[in-house]
Amino acid sequence: MSQPQPLVNAKPAVQLLKGQLIVTVIVILLAFIGGQKTAYSAGLGALIALVASAYFAWEAFRFGGATASGRILGGFYRGIIGKFVLVIMGFALVQHLPIALSMAALFIGFVVVQAVVWLAPLWLT
């Protein structure tokens, strides 16, 4: 007899987070070409995207089973709202750091790691 399948499969979310982590490290290493300030800034931007995505994945995929469909939907809503709030808070907090940042590198680091989410359907099949 076959095992019941979970209503939500978290494996693609875990793969996506691993991909974002790898891209975060690559972004930081490549940003060192522009100097320590650029690398630090790009790393913070990448970290904002990574933390927000991890929160979304945790909220969205922590429930399973057919009886949990309402909780799953609620988890997706909480996850996307929480991700949005974390991104806003992350950018607001880095503005108040006592060190000089490269805003261009900060946003590029964020966008490159966030692009992993946008491009994931192309390689997570």
# chains A, B, ... in the order shown; residues from 1 in each chain; ligands from 1

$ closest_atom_pairs --of "region 63-96 of chain A" --to "region 49-54 of chain A" --cutoff "12 Å" --atoms "only C-alpha atoms" --output "tab-separated table"
residue	atom	partner	partner_atom	distance
A:Phe76	CA	A:Ser53	CA	11.9
A:Arg78	CA	A:Ala52	CA	12.0
A:Gly79	CA	A:Ser53	CA	8.7
A:Ile80	CA	A:Ser53	CA	8.9
A:Ile81	CA	A:Ala52	CA	10.0
A:Gly82	CA	A:Ala52	CA	7.6
A:Lys83	CA	A:Ala52	CA	4.7
A:Phe84	CA	A:Ala52	CA	7.5
A:Val85	CA	A:Ala52	CA	8.5
A:Leu86	CA	A:Ala52	CA	5.7
A:Val87	CA	A:Ala52	CA	6.3
A:Ile88	CA	A:Ala52	CA	9.9
A:Met89	CA	A:Ala52	CA	10.2
A:Gly90	CA	A:Ala49	CA	8.9
A:Phe91	CA	A:Ala49	CA	10.2

$ closest_atom_pairs --of "region 56-119 of chain A" --to "region 20-37 of chain A" --cutoff "7 Å" --atoms "only C-alpha atoms" --output "Markdown table"
| residue | atom | partner | partner_atom | distance |
| --- | --- | --- | --- | --- |
| A:Leu101 | CA | A:Lys37 | CA | 6.3 |
| A:Ser102 | CA | A:Lys37 | CA | 6.8 |
| A:Gly109 | CA | A:Val27 | CA | 6.5 |
| A:Val113 | CA | A:Gln20 | CA | 5.7 |
| A:Val116 | CA | A:Gln20 | CA | 6.2 |

$ write_last_selection --atoms "C-alpha atoms" --output "PDB file, in the first residue's frame"
ATOM      1  CA  LEU A 101      28.040  51.299   2.795  1.00  0.00           C
ATOM      2  CA  SER A 102      27.862  51.192  -0.963  1.00  0.00           C
ATOM      3  CA  GLY A 109      23.559  41.859  -3.645  1.00  0.00           C
ATOM      4  CA  VAL A 113      20.105  36.580  -4.425  1.00  0.00           C
ATOM      5  CA  VAL A 116      17.486  32.939  -7.550  1.00  0.00           C
TER       6      VAL A 116
END

$ atom_distance --atom1 "CA of Ala92 (chain A)" --atom2 "CA of Leu16 (chain A)"
25.5 Å

$ residues_around --residues "Pro121 (chain A)" --least-positions-apart "2" --cutoff "12 Å" --atoms "only C-alpha atoms" --output "number ranges by chain"
A: 12-13, 15-16, 115-119, 123-125

$ residues_around --residues "Leu44 (chain A)" --least-positions-apart "2" --cutoff "8 Å" --atoms "only C-alpha atoms" --output "list of chain:residue names"
A:Tyr40, A:Ser41, A:Ala42, A:Ala46, A:Leu47, A:Ile48, A:Val94, A:Leu106, A:Gly109, A:Phe110

$ atom_distance --atom1 "CA of Lys18 (chain A)" --atom2 "CA of Leu97 (chain A)"
27.7 Å
